[in-house]
file my_file00.txt (compact mmCIF, C-alpha atoms)
# COMPACT_ATOMS: atom_id res chain seq x y z
CA MET Y 10 112.83 131.77 87.40
CA GLU Y 11 115.97 130.75 89.29
CA GLU Y 12 117.44 127.32 88.67
CA LEU Y 13 116.34 125.35 91.72
CA PRO Y 14 118.49 122.76 93.45
CA VAL Y 15 116.94 119.30 93.67
CA ARG Y 16 117.58 116.24 95.80
CA SER Y 17 116.47 112.63 95.73
CA CYS Y 18 116.43 110.97 99.15
CA LYS Y 19 115.37 107.52 100.27
CA GLY Y 20 113.91 109.00 103.42
CA PRO Y 21 115.58 109.96 106.71
CA LEU Y 22 116.51 107.24 109.18
CA TYR Y 23 114.21 108.63 111.83
CA SER Y 24 111.20 108.43 109.53
CA GLY Y 25 111.27 104.65 109.12
CA HIS Y 26 108.68 102.24 110.38
CA ASP Y 27 108.54 100.19 113.56
CA GLN Y 28 109.50 97.02 111.65
CA ALA Y 29 112.85 98.47 110.60
CA TYR Y 30 113.71 99.53 114.13
CA ALA Y 31 112.62 96.16 115.49
CA ALA Y 32 114.87 94.39 112.98
CA MET Y 33 117.74 96.72 113.93
CA THR Y 34 117.22 95.88 117.61
CA ILE Y 35 117.08 92.12 116.97
CA ILE Y 36 120.23 92.10 114.83
CA GLY Y 37 122.09 94.13 117.46
CA PHE Y 38 120.93 91.75 120.19
CA VAL Y 39 122.12 88.69 118.21
CA LEU Y 40 125.56 90.25 117.61
CA VAL Y 41 125.98 91.14 121.28
CA ILE Y 42 124.89 87.71 122.53
CA ALA Y 43 126.99 85.91 119.93
CA TYR Y 44 130.21 87.60 121.05
CA PRO Y 45 130.85 85.69 124.32
CA PHE Y 46 129.89 82.38 122.72
CA GLY Y 47 132.24 83.12 119.83
CA MET Y 48 135.05 83.95 122.21
CA CYS Y 49 134.50 80.68 124.07
CA LEU Y 50 134.76 78.73 120.82
CA LEU Y 51 137.85 80.68 119.85
CA VAL Y 52 139.55 79.80 123.15
CA LYS Y 53 138.61 76.18 122.68
CA PHE Y 54 140.04 75.87 119.16
CA LYS Y 55 142.81 78.49 119.15
CA SER Y 56 145.48 75.83 119.57
CA ARG Y 57 144.63 74.64 116.05
CA MET Y 58 145.04 78.12 114.54
CA SER Y 59 147.96 80.46 114.02
CA ARG Y 60 148.40 83.52 116.19
CA PHE Y 61 147.60 85.76 113.20
CA VAL Y 62 144.27 84.01 112.52
CA VAL Y 63 143.32 84.15 116.20
CA GLY Y 64 144.13 87.85 116.32
CA LEU Y 65 142.19 88.56 113.12
CA ILE Y 66 139.14 86.66 114.35
CA SER Y 67 139.31 88.48 117.68
CA ILE Y 68 139.41 91.90 116.01
CA VAL Y 69 136.51 91.07 113.67
CA ALA Y 70 134.49 89.66 116.54
CA LEU Y 71 135.13 92.78 118.62
CA ILE Y 72 134.08 95.04 115.74
CA LEU Y 73 130.88 93.03 115.27
CA PHE Y 74 130.23 93.16 119.00
CA LEU Y 75 130.64 96.93 119.13
CA TRP Y 76 128.48 97.32 116.02
CA GLY Y 77 125.86 95.14 117.70
CA VAL Y 78 125.94 97.35 120.79
CA VAL Y 79 125.37 100.42 118.60
CA MET Y 80 122.51 98.76 116.71
CA LEU Y 81 120.89 97.45 119.89
CA ALA Y 82 121.11 100.79 121.67
CA GLY Y 83 120.01 102.71 118.59
CA GLY Y 84 117.10 100.40 117.89
CA ILE Y 85 115.84 100.54 121.45
CA TRP Y 86 116.23 104.33 121.56
CA HIS Y 87 114.36 104.81 118.30
CA LEU Y 88 111.51 102.56 119.34
CA ILE Y 89 111.18 104.39 122.66
CA TRP Y 90 111.43 107.75 120.91
CA MET Y 91 108.77 106.82 118.37
CA ARG Y 92 106.40 105.62 121.07
CA LYS Y 93 106.94 108.74 123.14
CA TYR Y 94 106.74 111.20 120.29
CA LYS Y 95 104.13 109.65 118.05
CA TYR Y 96 101.90 107.92 120.52
CA SER Y 97 101.79 109.71 123.84
CA GLY Y 98 102.44 113.32 122.97
CA CYS Y 99 102.79 115.95 120.32
CA GLY Y 100 105.88 117.87 121.29
CA GLU Y 101 105.88 121.65 120.96
CA LEU Y 102 102.92 122.50 118.75
CA VAL Y 103 101.87 125.86 117.32
CA ASN Y 104 98.30 126.93 117.90
CA VAL Y 105 96.75 129.40 115.43
CA THR Y 106 93.43 131.21 115.46
CA PHE Y 107 91.59 134.01 113.69
CA THR Y 108 89.45 137.02 114.50
CA ARG Y 109 85.69 136.67 114.27
CA PRO Y 110 83.42 137.39 112.53
CA LEU Y 111 84.79 136.02 109.28
CA PRO Y 112 85.19 138.61 106.54
CA GLU Y 113 83.08 138.16 103.44
CA GLN Y 114 86.00 137.19 101.22
CA VAL Y 115 86.68 134.12 103.41
CA ILE Y 116 83.19 132.68 103.05
CA LEU Y 117 82.28 133.36 99.40
CA THR Y 118 83.31 130.80 96.77
CA PRO Y 119 84.13 132.16 93.31
CA VAL Y 120 83.15 130.29 90.16
CA ASN Y 121 85.43 127.33 89.35
CA LEU Y 122 87.64 127.77 92.40
CA THR Y 123 90.33 125.13 91.73
CA VAL Y 124 92.14 123.25 94.52
CA ALA Y 125 95.09 120.89 93.98
CA TYR Y 126 95.32 117.83 96.25
CA LEU Y 127 98.59 115.93 96.49
CA GLY Y 128 101.04 114.27 98.85
CA ASP Y 129 104.35 112.40 98.98
CA THR Y 130 106.23 114.95 96.92
CA GLY Y 131 109.98 115.05 97.54
CA VAL Y 132 112.29 117.77 96.21
CA SER Y 133 113.35 116.15 92.93
CA GLU Y 134 112.94 117.07 89.27
CA ASP Y 135 109.75 114.99 89.28
CA THR Y 136 108.42 117.12 92.12
CA LEU Y 137 109.03 120.31 90.16
CA ALA Y 138 107.16 118.79 87.20
CA VAL Y 139 104.18 118.18 89.50
CA TYR Y 140 104.32 121.76 90.75
CA GLN Y 141 104.41 122.98 87.15
CA LEU Y 142 101.26 120.97 86.45
CA ILE Y 143 99.52 122.73 89.33
CA LYS Y 144 100.52 126.08 87.87
CA ASP Y 145 99.38 125.07 84.38
CA GLU Y 146 95.97 124.05 85.74
CA GLU Y 147 95.74 127.45 87.44
CA ALA Y 148 94.90 125.96 90.82
CA GLU Y 149 94.26 128.75 93.29
CA MET Y 150 95.44 126.77 96.31
CA MET Y 151 97.15 123.51 97.28
CA VAL Y 152 96.36 120.90 99.93
CA HIS Y 153 99.39 118.75 100.81
CA VAL Y 154 98.61 115.53 102.70
CA GLY Y 155 102.10 114.91 104.07
CA ASP Y 156 105.55 113.48 103.38
CA PHE Y 157 107.05 116.70 102.13
CA ASP Y 158 110.60 116.04 100.93
CA TYR Y 159 111.99 112.76 102.40
CA CYS Y 160 115.29 114.55 103.05
CA ASP Y 161 114.54 116.28 106.37
CA ASP Y 162 115.24 119.48 104.45
CA PRO Y 163 112.46 121.99 105.14
CA THR Y 164 114.60 124.82 103.79
CA LEU Y 165 114.86 123.33 100.30
CA PHE Y 166 111.23 122.22 100.37
CA HIS Y 167 110.09 125.72 101.27
CA ARG Y 168 112.44 127.31 98.73
CA GLN Y 169 111.00 125.23 95.89
CA LEU Y 170 107.43 126.09 96.85
CA ASP Y 171 108.15 129.82 97.03
CA ALA Y 172 110.05 129.81 93.75
CA MET Y 173 107.32 127.90 91.91
CA PHE Y 174 104.22 129.55 93.38
CA GLY Y 175 105.25 132.76 95.09
CA GLU Y 176 105.44 133.59 98.76
CA LYS Y 177 101.72 134.18 99.26
CA TYR Y 178 100.34 131.17 97.42
CA PRO Y 179 97.90 129.46 99.83
CA ILE Y 180 99.09 125.99 100.84
CA LEU Y 181 97.47 123.90 103.57
CA ALA Y 182 99.34 120.84 104.82
CA VAL Y 183 99.23 118.01 107.34
CA VAL Y 184 102.15 116.07 108.78
CA GLY Y 185 103.28 112.78 107.19
CA ASN Y 186 105.34 110.02 108.78
CA HIS Y 187 108.49 111.18 106.96
CA ASP Y 188 108.05 114.66 108.47
CA VAL Y 189 107.81 113.68 112.13
CA HIS Y 190 111.44 113.82 113.20
CA MET Y 191 111.96 117.36 111.90
CA TRP Y 192 108.43 118.47 112.66
CA SER Y 193 109.46 121.48 114.75
CA ASP Y 194 111.32 122.86 111.72
CA TYR Y 195 108.54 122.06 109.26
CA GLN Y 196 106.01 123.56 111.65
CA GLU Y 197 108.03 126.77 111.85
CA MET Y 198 108.08 126.85 108.05
CA TRP Y 199 104.31 126.39 107.78
CA LEU Y 200 103.74 129.05 110.46
CA GLU Y 201 105.81 131.52 108.45
CA HIS Y 202 103.76 130.65 105.39
CA PHE Y 203 100.51 130.99 107.32
CA ASN Y 204 101.48 134.38 108.70
CA ARG Y 205 101.94 135.73 105.20
CA HIS Y 206 98.19 135.25 104.72
CA ALA Y 207 97.18 136.29 108.20
CA ASN Y 208 98.92 139.62 107.65
CA ASN Y 209 97.34 140.15 104.25
CA PRO Y 210 94.96 143.15 104.34
CA SER Y 211 92.35 141.11 102.39
CA PRO Y 212 92.73 137.54 103.64
CA TYR Y 213 90.89 134.64 102.02
CA LEU Y 214 92.09 132.19 104.66
CA ALA Y 215 91.22 131.55 108.31
CA CYS Y 216 92.66 128.64 110.33
CA GLU Y 217 92.39 127.44 113.92
CA GLY Y 218 94.04 124.63 115.87
CA TYR Y 219 97.44 122.98 115.92
CA LEU Y 220 98.93 123.98 112.60
CA GLY Y 221 99.85 121.04 110.38
CA VAL Y 222 98.60 118.52 112.94
CA ASN Y 223 94.98 118.80 114.08
CA TYR Y 224 93.34 121.98 112.80
CA TYR Y 225 90.77 123.36 110.39
CA CYS Y 226 90.81 126.07 107.76
CA ILE Y 227 88.21 128.03 105.84
CA TYR Y 228 89.26 129.24 102.42
CA ARG Y 229 86.77 131.13 100.26
CA GLY Y 230 83.81 129.15 101.54
CA LEU Y 231 85.55 125.75 101.54
CA PHE Y 232 86.08 123.95 104.84
CA PHE Y 233 89.17 121.77 105.41
CA ALA Y 234 89.66 119.58 108.51
CA PHE Y 235 93.13 118.08 109.06
CA SER Y 236 94.19 115.19 111.30
CA SER Y 237 97.51 113.60 112.24
CA VAL Y 238 95.81 110.25 112.92
CA GLY Y 239 98.25 107.34 112.73
CA THR Y 240 101.22 109.68 112.36
CA MET Y 241 101.74 111.65 115.57
CA CYS Y 242 99.92 112.73 118.76
CA GLY Y 243 97.21 110.88 120.56
CA ASP Y 244 97.12 107.17 121.14
CA GLY Y 245 98.99 105.58 118.26
CA TYR Y 246 97.87 102.78 116.00
CA SER Y 247 95.55 100.87 118.35
CA GLU Y 248 93.54 103.66 119.97
CA TYR Y 249 92.18 106.47 117.81
CA GLU Y 250 89.68 108.14 120.11
CA PHE Y 251 91.88 111.21 120.56
CA HIS Y 252 92.02 111.91 116.83
CA GLU Y 253 88.36 111.16 116.30
CA LYS Y 254 87.39 113.68 118.98
CA GLN Y 255 89.75 116.27 117.52
CA LEU Y 256 88.39 115.76 114.01
CA GLN Y 257 84.78 116.04 115.17
CA HIS Y 258 85.62 119.15 117.18
CA ASN Y 259 87.14 120.76 114.11
CA LEU Y 260 84.23 119.76 111.88
CA ASP Y 261 81.80 121.31 114.35
CA ALA Y 262 83.36 124.66 113.40
CA ARG Y 263 81.58 124.44 110.04
CA SER Y 264 78.69 126.19 111.77
CA GLN Y 265 80.62 129.46 111.37
CA LEU Y 266 79.89 129.41 107.64
CA PRO Y 267 76.60 130.75 106.27
CA SER Y 268 75.94 127.57 104.30
CA ALA Y 269 73.88 124.87 105.99
CA ASP Y 270 76.22 122.24 104.51
CA PRO Y 271 79.44 123.82 103.20
CA TRP Y 272 81.91 122.04 100.97
CA THR Y 273 83.91 119.91 103.41
CA MET Y 274 87.20 118.12 102.92
CA CYS Y 275 88.91 115.86 105.49
CA ALA Y 276 92.63 115.29 105.02
CA TRP Y 277 95.20 113.09 106.75
CA HIS Y 278 98.30 111.25 105.61
CA LYS Y 279 97.87 107.56 106.40
CA ASN Y 280 95.27 104.96 105.43
CA GLN Y 281 93.31 101.93 106.40
CA LYS Y 282 94.53 98.90 104.45
CA LEU Y 283 91.35 98.54 102.39
CA PHE Y 284 91.26 102.23 101.45
CA GLN Y 285 94.50 102.10 99.46
CA ILE Y 286 95.74 99.71 96.77
CA GLY Y 287 99.35 99.27 97.86
CA LYS Y 288 101.01 97.47 100.75
CA LYS Y 289 99.97 99.70 103.64
CA SER Y 290 98.36 98.25 106.76
CA ASP Y 291 95.58 99.54 109.02
CA GLU Y 292 97.02 102.74 110.47
CA THR Y 293 94.13 105.14 111.13
CA GLY Y 294 91.06 103.21 112.21
CA TYR Y 295 87.72 103.55 110.45
CA GLY Y 296 86.43 106.15 112.92
CA VAL Y 297 87.90 109.20 111.21
CA TYR Y 298 86.52 108.07 107.85
CA ASP Y 299 83.08 107.62 109.39
CA ILE Y 300 83.16 111.02 111.09
CA CYS Y 301 83.94 112.64 107.75
CA ARG Y 302 81.11 110.61 106.17
CA GLN Y 303 78.67 111.90 108.77
CA ASN Y 304 79.73 115.45 107.91
CA ASN Y 305 79.32 114.94 104.15
CA GLY Y 306 83.02 115.35 103.48
CA LEU Y 307 85.45 114.32 100.75
CA VAL Y 308 88.33 112.28 102.24
CA VAL Y 309 91.82 112.98 100.86
CA THR Y 310 94.81 110.88 101.98
CA GLY Y 311 98.32 110.07 100.76
CA HIS Y 312 101.03 107.70 102.11
CA ASN Y 313 100.53 105.16 99.31
CA HIS Y 314 102.28 106.36 96.16
CA GLN Y 315 99.38 105.86 93.78
CA TYR Y 316 96.11 107.54 92.90
CA SER Y 317 92.88 105.79 93.79
CA ARG Y 318 89.25 106.76 94.43
CA THR Y 319 86.22 104.94 95.72
CA HIS Y 320 82.59 105.20 94.76
CA THR Y 321 80.51 106.73 97.55
CA ILE Y 322 80.32 104.46 100.60
CA SER Y 323 77.52 104.45 103.16
CA ASN Y 324 79.23 102.16 105.70
CA VAL Y 325 83.02 102.49 105.86
CA GLU Y 326 83.71 99.41 107.99
CA ASP Y 327 81.72 97.18 105.66
CA GLN Y 328 82.64 99.18 102.54
CA THR Y 329 78.98 99.31 101.51
CA ILE Y 330 78.62 101.05 98.15
CA ALA Y 331 76.05 103.84 98.16
CA ALA Y 332 76.21 104.81 94.48
CA LYS Y 333 78.31 104.09 91.41
CA CYS Y 334 79.17 106.31 88.47
CA GLU Y 335 80.64 104.65 85.42
CA PRO Y 336 83.68 106.24 83.74
CA GLY Y 337 82.68 108.78 81.10
CA ASP Y 338 79.12 109.22 82.35
CA GLU Y 339 78.95 113.01 82.65
CA ASP Y 340 75.32 112.88 83.79
CA CYS Y 341 76.17 110.83 86.87
CA VAL Y 342 76.85 112.88 89.98
CA TYR Y 343 77.79 111.61 93.44
CA ASP Y 344 75.62 113.10 96.18
CA LEU Y 345 77.73 113.61 99.32
CA ASN Y 346 74.90 113.17 101.78
CA GLU Y 347 76.05 111.01 104.71
CA VAL Y 348 78.34 109.00 102.46
CA ALA Y 349 82.12 108.83 102.16
CA LEU Y 350 84.05 109.38 98.96
CA ILE Y 351 87.65 108.39 99.68
CA THR Y 352 90.70 109.32 97.63
CA VAL Y 353 94.44 108.65 97.80
CA SER Y 354 96.55 111.25 96.00
CA GLY Y 355 100.12 110.15 96.62
CA LEU Y 356 101.76 110.73 93.24
CA GLY Y 357 103.46 114.00 94.15
CA GLY Y 358 106.88 112.98 92.84
CA ARG Y 359 108.46 110.52 95.30
CA ASN Y 360 108.13 107.22 93.39
CA LEU Y 361 105.53 104.91 91.82
CA ILE Y 362 104.17 101.83 93.62
CA ASP Y 363 102.68 98.70 92.04
CA PHE Y 364 99.07 97.83 92.76
CA ASN Y 365 98.23 95.14 95.30
CA GLU Y 366 96.45 92.40 93.37
CA ASP Y 367 94.41 91.44 96.42
CA LEU Y 368 92.97 94.95 96.74
CA GLU Y 369 92.84 96.61 93.33
CA ASN Y 370 89.72 94.79 92.11
CA LEU Y 371 87.55 95.30 95.18
CA PRO Y 372 84.14 96.49 93.95
CA PHE Y 373 84.10 99.86 95.72
CA TRP Y 374 87.06 101.21 93.74
CA ALA Y 375 86.03 103.60 90.99
CA ALA Y 376 89.45 104.66 89.64
CA LYS Y 377 93.15 103.88 90.04
CA TYR Y 378 96.39 105.04 88.44
CA ASN Y 379 100.12 104.56 89.08
CA GLU Y 380 101.96 105.13 85.78
CA ALA Y 381 103.10 108.74 86.16
CA PHE Y 382 103.13 111.48 88.78
CA GLY Y 383 100.14 113.77 88.99
CA VAL Y 384 97.58 115.66 91.04
CA MET Y 385 93.88 115.48 91.87
CA PHE Y 386 92.12 118.78 91.14
CA CYS Y 387 88.64 119.90 92.18
CA LYS Y 388 86.74 122.90 90.80
CA TYR Y 389 84.12 124.21 93.23
CA ASN Y 390 81.10 126.32 92.30
CA PHE Y 391 81.56 124.53 89.00
CA ASN Y 392 80.44 126.68 86.06
CA GLY Y 393 78.46 128.84 88.46
CA ASP Y 394 76.59 126.03 90.25
CA PRO Y 395 77.37 126.46 93.99
CA ASN Y 396 76.16 122.91 94.67
CA MET Y 397 78.46 121.24 92.14
CA ALA Y 398 82.17 120.36 92.08
CA TYR Y 399 84.08 118.75 89.24
CA CYS Y 400 87.17 116.74 90.16
CA TYR Y 401 89.77 115.00 88.03
CA PHE Y 402 93.19 113.39 88.26
CA LYS Y 403 95.75 114.60 85.74
CA ASP Y 404 99.33 113.41 85.30
CA VAL Y 405 102.38 115.44 84.36
CA GLU Y 406 102.21 114.12 80.79
CA GLY Y 407 98.77 115.68 80.30
CA GLY Y 408 96.64 112.58 80.63
CA ILE Y 409 93.38 112.69 82.59
CA HIS Y 410 92.78 109.32 84.28
CA ASP Y 411 89.76 110.02 86.43
CA GLU Y 412 86.84 112.45 86.36
CA PHE Y 413 83.90 112.68 88.75
CA ARG Y 414 81.29 115.18 89.89
CA ILE Y 415 80.02 115.66 93.41
CA THR Y 416 77.07 117.65 94.68
CA LYS Y 417 75.63 118.79 97.96
CA ASN Y 418 73.37 121.46 99.37
CA VAL Y 419 75.52 124.52 100.04
CA GLU Y 420 72.68 127.06 99.95
CA SER Y 421 72.62 129.64 102.73
CA LYS Y 422 70.97 128.88 106.03
call {"tool": "encode", "arguments": {"input": "my_file00.txt", "output": "structure tokens"}}
result
Amino acid sequence: MEELPVRSCKGPLYSGHDQAYAAMTIIGFVLVIAYPFGMCLLVKFKSRMSRFVVGLISIVALILFLWGVVMLAGGIWHLIWMRKYKYSGCGELVNVTFTRPLPEQVILTPVNLTVAYLGDTGVSEDTLAVYQLIKDEEAEMMVHVGDFDYCDDPTLFHRQLDAMFGEKYPILAVVGNHDVHMWSDYQEMWLEHFNRHANNPSPYLACEGYLGVNYYCIYRGLFFAFSSVGTMCGDGYSEYEFHEKQLQHNLDARSQLPSADPWTMCAWHKNQKLFQIGKKSDETGYGVYDICRQNNGLVVTGHNHQYSRTHTISNVEDQTIAAKCEPGDEDCVYDLNEVALITVSGLGGRNLIDFNEDLENLPFWAAKYNEAFGVMFCKYNFNGDPNMAYCYFKDVEGGIHDEFRITKNVESK
């Protein structure tokens, strides 16, 4: 295999958070306002200073003033841009669809079909180690829950994926906050990747909706619903009705599958504060979690650079525990019947985040890990049982730090 270039980026300027832009605006405002007052003081006391000192102070003050103007203008522009792009609209989106009826190979699940779930990857050496783990586990497809490379470099990101997995390896993805500014380029990349499967004479994949944003896919009998809630499109952080309607609309498409209750996964990038163990705030609302619960789905998110998983939850707003399985109990199986099982798989290679002491010991958490990069894997039709899936989190050093089994009725209608 070719020697791949790698990069390590802190994240593009445009992908920051509102707080950073607000601070930038405030600092710029203070520098601009301070300039005339400073000049007044300089005029008042210049008789006590030499001409050189007065000139030096004037030049420094002017530089700070101009820098303040740049910061103020840039901060205001970014905040307006973020509101316009993330909150009120979606920009130029790509809509994909498929021909009905679905071919048999799209709706039948082979024994031990393995899916890799990850997010927050980057394009570093650590990222390549994570990709190698996915290859070693022989995962047949990947679900990426956003924040692709942190460098605004879709070309390198795409090149690494193709080199590691091949051009026709099935990858489904949803936008993360660090992907928004260059989304048109990432979207073009994902469309190219999608078309490789759409043009395959024997496709296993069918997708419909706004690719990478709000859409659904069916892959060998598995149903995936993706949402950009909290990241882009719709109504922003305070109103989530748009995304909830989109998610429910996509989940309604499960009726196209022959199973009365097919394996269902809901994926988005961001989190509610209580459903992660880092420093993230409420950014999605509980509605999308509850919609997935009503549709018997497994929730997969990223954004927080840790791995964590809940027990099954019957009420997401109150975090009511439906059932608990103790670590190592292979006879205990979670039944995904109108309950939520929520995971965060954000150890794709970016960096490792410490646990939040106020959140990590909440009783609904079943597993947590943040010591090395890794991936959550799920094997469907586990050992020939169509109603069983076995999931586990494995790090790049070979350690398995979580194992759980889920079941549901996926018999034919």
call {"tool": "closest_atom_pairs", "arguments": {"input": "my_file00.txt", "of": "segment 98-182 of chain Y", "to": "segment 383-398 of chain Y", "cutoff": "12 Å", "atoms": "all atoms listed in the file", "output": "Markdown table"}}
result
| residue | atom | partner | partner_atom | distance |
| --- | --- | --- | --- | --- |
| Y:Leu117 | CA | Y:Pro395 | CA | 10.0 |
| Y:Thr118 | CA | Y:Asn390 | CA | 6.7 |
| Y:Pro119 | CA | Y:Asn390 | CA | 6.7 |
| Y:Val120 | CA | Y:Asn390 | CA | 5.0 |
| Y:Asn121 | CA | Y:Phe391 | CA | 4.8 |
| Y:Leu122 | CA | Y:Tyr389 | CA | 5.1 |
| Y:Thr123 | CA | Y:Lys388 | CA | 4.3 |
| Y:Val124 | CA | Y:Cys387 | CA | 5.4 |
| Y:Ala125 | CA | Y:Phe386 | CA | 4.6 |
| Y:Tyr126 | CA | Y:Met385 | CA | 5.2 |
| Y:Leu127 | CA | Y:Val384 | CA | 5.5 |
| Y:Gly128 | CA | Y:Val384 | CA | 8.7 |
| Y:Asp129 | CA | Y:Gly383 | CA | 10.9 |
| Y:Thr130 | CA | Y:Gly383 | CA | 10.1 |
| Y:Asp135 | CA | Y:Gly383 | CA | 9.7 |
| Y:Thr136 | CA | Y:Gly383 | CA | 9.5 |
| Y:Leu137 | CA | Y:Gly383 | CA | 11.1 |
| Y:Ala138 | CA | Y:Gly383 | CA | 8.8 |
| Y:Val139 | CA | Y:Gly383 | CA | 6.0 |
| Y:Tyr140 | CA | Y:Val384 | CA | 9.1 |
| Y:Gln141 | CA | Y:Gly383 | CA | 10.3 |
| Y:Leu142 | CA | Y:Gly383 | CA | 7.7 |
| Y:Ile143 | CA | Y:Val384 | CA | 7.5 |
| Y:Lys144 | CA | Y:Val384 | CA | 11.3 |
| Y:Asp145 | CA | Y:Val384 | CA | 11.7 |
| Y:Glu146 | CA | Y:Phe386 | CA | 8.5 |
| Y:Glu147 | CA | Y:Phe386 | CA | 10.1 |
| Y:Ala148 | CA | Y:Phe386 | CA | 7.7 |
| Y:Glu149 | CA | Y:Lys388 | CA | 9.8 |
| Y:Met150 | CA | Y:Phe386 | CA | 10.1 |
| Y:Met151 | CA | Y:Phe386 | CA | 9.2 |
| Y:Val152 | CA | Y:Phe386 | CA | 10.0 |
| Y:His153 | CA | Y:Val384 | CA | 10.4 |
| Y:Val154 | CA | Y:Val384 | CA | 11.7 |
call {"tool": "residues_around", "arguments": {"input": "my_file00.txt", "residues": "Leu231 of chain Y", "least_positions_apart": "4", "cutoff": "8 Å", "atoms": "all atoms listed in the file", "output": "PDB file with C-alpha atoms, keeping the file's coordinate frame"}}
result
ATOM      1  CA  ILE Y 116      83.190 132.680 103.050  1.00  0.00           C
ATOM      2  CA  THR Y 118      83.310 130.800  96.770  1.00  0.00           C
ATOM      3  CA  ILE Y 227      88.210 128.030 105.840  1.00  0.00           C
ATOM      4  CA  PRO Y 271      79.440 123.820 103.200  1.00  0.00           C
ATOM      5  CA  TRP Y 272      81.910 122.040 100.970  1.00  0.00           C
ATOM      6  CA  THR Y 273      83.910 119.910 103.410  1.00  0.00           C
ATOM      7  CA  MET Y 274      87.200 118.120 102.920  1.00  0.00           C
TER       8      MET Y 274
END
call {"tool": "closest_residue", "arguments": {"input": "my_file00.txt", "among": "Y:Ala82, Y:Cys242, Y:Met198, Y:Ile300", "to": "His167 of chain Y", "atoms": "only C-alpha atoms"}}
result
Y:Met198
call {"tool": "atom_distance", "arguments": {"input": "my_file00.txt", "atom1": "atom CA of Met33 of chain Y", "atom2": "atom CA of Phe74 of chain Y"}}
result
13.9 Å
call {"tool": "atom_distance", "arguments": {"input": "my_file00.txt", "atom1": "atom CA of Val222 of chain Y", "atom2": "atom CA of Leu102 of chain Y"}}
result
8.3 Å
call {"tool": "residues_around", "arguments": {"input": "my_file00.txt", "residues": "Gly355 of chain Y", "least_positions_apart": "6", "cutoff": "12 Å", "atoms": "only C-alpha atoms", "output": "NGL selection string"}}
result
:Y and (126-131 or 136 or 139 or 152-157 or 185 or 277-280 or 285-287 or 309-318 or 361-362 or 377-379 or 381-385 or 402 or 404)
call {"tool": "residues_around", "arguments": {"input": "my_file00.txt", "residues": "Pro45 of chain Y", "least_positions_apart": "3", "cutoff": "12 Å", "atoms": "only C-alpha atoms", "output": "PyMOL selection string"}}
result
chain Y and resi 39-42+48-52+67+70-71+73-74
call {"tool": "write_last_selection", "arguments": {"input": "my_file00.txt", "atoms": "C-alpha atoms", "output": "tab-separated table (two decimals), keeping the file's coordinate frame"}}
result
chain	number	residue	atom	x	y	z
Y	39	VAL	CA	122.12	88.69	118.21
Y	40	LEU	CA	125.56	90.25	117.61
Y	41	VAL	CA	125.98	91.14	121.28
Y	42	ILE	CA	124.89	87.71	122.53
Y	48	MET	CA	135.05	83.95	122.21
Y	49	CYS	CA	134.50	80.68	124.07
Y	50	LEU	CA	134.76	78.73	120.82
Y	51	LEU	CA	137.85	80.68	119.85
Y	52	VAL	CA	139.55	79.80	123.15
Y	67	SER	CA	139.31	88.48	117.68
Y	70	ALA	CA	134.49	89.66	116.54
Y	71	LEU	CA	135.13	92.78	118.62
Y	73	LEU	CA	130.88	93.03	115.27
Y	74	PHE	CA	130.23	93.16	119.00
call {"tool": "atom_distance", "arguments": {"input": "my_file00.txt", "atom1": "atom CA of Tyr249 of chain Y", "atom2": "atom CA of Phe232 of chain Y"}}
result
22.6 Å
call {"tool": "closest_residue", "arguments": {"input": "my_file00.txt", "among": "Y:Thr164, Y:Asn186, Y:Thr352, Y:Asn418", "to": "Ala269 of chain Y", "atoms": "all atoms listed in the file"}}
result
Y:Asn418
call {"tool": "residues_around", "arguments": {"input": "my_file00.txt", "residues": "Val325 of chain Y", "least_positions_apart": "4", "cutoff": "12 Å", "atoms": "all atoms listed in the file", "output": "VMD selection string"}}
result
chain Y and resid 281 283 to 284 294 to 303 308 319 to 321 329 to 331 347 to 351 373
call {"tool": "closest_residue", "arguments": {"input": "my_file00.txt", "among": "Y:Glu369, Y:Glu201, Y:Asp291, Y:Glu335", "to": "Pro179 of chain Y", "atoms": "only C-alpha atoms"}}
result
Y:Glu201
call {"tool": "build_atoms", "arguments": {"input": "my_file00.txt", "residues": "segment 180-186 of chain Y", "atoms": "N, CA and C atoms", "output": "PDB file, in the frame of the given file"}}
result
ATOM      1  N   ILE Y 180      98.819 127.418 100.737  1.00  0.00           N
ATOM      2  CA  ILE Y 180      99.090 125.990 100.840  1.00  0.00           C
ATOM      3  C   ILE Y 180      98.694 125.531 102.234  1.00  0.00           C
ATOM      4  N   LEU Y 181      97.840 124.520 102.305  1.00  0.00           N
ATOM      5  CA  LEU Y 181      97.470 123.900 103.570  1.00  0.00           C
ATOM      6  C   LEU Y 181      98.088 122.511 103.609  1.00  0.00           C
ATOM      7  N   ALA Y 182      98.611 122.107 104.761  1.00  0.00           N
ATOM      8  CA  ALA Y 182      99.340 120.840 104.820  1.00  0.00           C
ATOM      9  C   ALA Y 182      99.094 120.146 106.151  1.00  0.00           C
ATOM     10  N   VAL Y 183      99.310 118.821 106.129  1.00  0.00           N
ATOM     11  CA  VAL Y 183      99.230 118.010 107.340  1.00  0.00           C
ATOM     12  C   VAL Y 183     100.465 117.119 107.385  1.00  0.00           C
ATOM     13  N   VAL Y 184     100.922 116.808 108.587  1.00  0.00           N
ATOM     14  CA  VAL Y 184     102.150 116.070 108.780  1.00  0.00           C
ATOM     15  C   VAL Y 184     102.051 114.644 108.233  1.00  0.00           C
ATOM     16  N   GLY Y 185     103.146 114.167 107.618  1.00  0.00           N
ATOM     17  CA  GLY Y 185     103.280 112.780 107.190  1.00  0.00           C
ATOM     18  C   GLY Y 185     104.324 112.078 108.039  1.00  0.00           C
ATOM     19  N   ASN Y 186     104.401 110.754 107.937  1.00  0.00           N
ATOM     20  CA  ASN Y 186     105.340 110.020 108.780  1.00  0.00           C
ATOM     21  C   ASN Y 186     106.797 110.375 108.497  1.00  0.00           C
TER      22      ASN Y 186
END
